[in-house]
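Worksheet for the structure shown next.
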Amino acid sequence: MTATAAEVAAMERALDLARRGEGLVEPNPMVGAVVLSSSGATLGEGWHAHFGGPHAEVAALAAAGEAARGETLVVTLEPCCHQGKTPPCTEAVLAAGIRRVVIAAGDPAPHASGRGVARLRTAGVEVVEGVAEDEAKKLIAPFAMLTVQQRPWVIGKWAMSLDGHVATATGESRWISGEASRRVVHTLRGRVDAIAVGIGTAVADDPLLTARPPGLRVPLRVVLDSQARLPLSSRLVATAGEFPTLVAVGPAADVVTIEQLRAAGCDVWQSMACEASDRLAELLAELGRRQLTNLLVEGGPTLLGSLFDADLVDEVHAFVAPKIIGGQAAAAAVAGRGIVSMQNAPRLSIESIESLGDDCFLRGRVTRT
């Protein structure tokens, strides 16, 4: 069975609807749905609007009402067939009398994958799969990363000069990018679950790592600080009672300092791994256990380099300013070991390139074979 032209168009609409849930539904996936009549008319629309709320299918079926009976449901993700925060969507589909279901992508969660489709087909519902599948998989990639790899989707972000530097030789970095770029960054901060920086950036910049104005989410602020060097006088520690703050330390961290950080309101997580790469992997696993879907890494070069060396960056947001900094001692955007051969260089699938004031904003996903 193949999808009709009306169903393909409805799927594009469902994908647009699904995006309305960004920043509101995590750790659930963004999902959209449309109920179509046999003539191709839209009878109802819905999307997953917030975590714990009705799923897209249920919302679309409710909007269509009795008119849905005997008609087609177009949905961006395989309907669930298990009890979670809400009842199984497959049962809602069957109760509504839907005759045909058109699906973009299967559910990547191991406990759900394929079970929804099997339930519908067993009950006699026609199921068409794979319509706009690539776009749907992009939409749920962070959810898939969390459920399959059990770690957050990692977004590497930096602002750099045209010659690739993120600071001068003296460490000055304010401001490389313009006001329009900084507004975009604050919007991004307001939809992710966590924002991470290395201790070097935390000490040098004394950042707040908050979304201003506040966004849809209040992200966890994460400082990778193996020696527990984060100053108690820093703005991150001073505001730990207001904004959640996690300090990730290593086995050599001073016990007294750890207790001082905790007394100041910080959540201190300690890895006993000796290798920095192992501590990094353990931290991402811990964030996954906490059900954090999107992690924004704002620097510095050492942390970003470690993540790229370990092939743990999934998406890049780079802001390029029309400035030349120069100087061999000026910091580059990404440090780490780097690559030996160009054929091993991480490559991006470019999602968008746009002008923000005088800056160029490039967004892309790291391609993996």
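Here's how to read the names in the structure tokens: chain A, B, ... by the order shown, residue numbers from 1 in each chain, ligand numbers from 1 in the order shown.
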Stretch 200-206 of chain A: which residues within 8 Å, counting only C-alpha atoms, same-chain residues fewer than 2 positions away excluded, as a VMD selection string?
-> chain A and resid 171 197 to 198 208 223 230 to 231 234 to 236 299 to 300
With a distance cut-off of 7 Å and only C-alpha atoms, select the neighbouring residues of A:Val128, excluding the residue or stretch itself and same-chain residues fewer than 5 positions from it, and output the selection as an MDAnalysis selection string.
-> chainID A and resid 1:3 101:103
Do you know which residues are at most 12 Å from A:His186 counting only C-alpha atoms, after dropping those on the same chain fewer than 4 positions away, and could you put them as a PyMOL selection string?
-> chain A and resi 157+179-182+190-192+195+208-219+296+298
Using only C-alpha atoms, determine which residues lie at most 9 Å from A:Gln149, disregarding the query and same-chain residues fewer than 3 positions distant; provide the list as a list of chain:residue names.
-> A:Ala144, A:Met145, A:Leu146, A:Pro152, A:Ala285, A:Gly288
Using C-alpha atoms, can you write the selected residues to a file as an mmCIF file, in the first residue's frame?
```cif
data_model
loop_
_atom_site.group_PDB
_atom_site.id
_atom_site.type_symbol
_atom_site.label_atom_id
_atom_site.label_comp_id
_atom_site.auth_asym_id
_atom_site.auth_seq_id
_atom_site.Cartn_x
_atom_site.Cartn_y
_atom_site.Cartn_z
ATOM 1 C CA ALA A 144 15.650 8.508 19.757
ATOM 2 C CA MET A 145 19.073 9.339 21.206
ATOM 3 C CA LEU A 146 17.673 9.335 24.729
ATOM 4 C CA PRO A 152 20.985 13.486 25.661
ATOM 5 C CA ALA A 285 24.797 8.638 30.944
ATOM 6 C CA GLY A 288 20.254 10.390 30.354
#
```
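Across A:Val340, A:Cys81, A:Ile353, A:Val131, the tightest approach to A:Asp107 is made by A:Cys81 when counting only C-alpha atoms.
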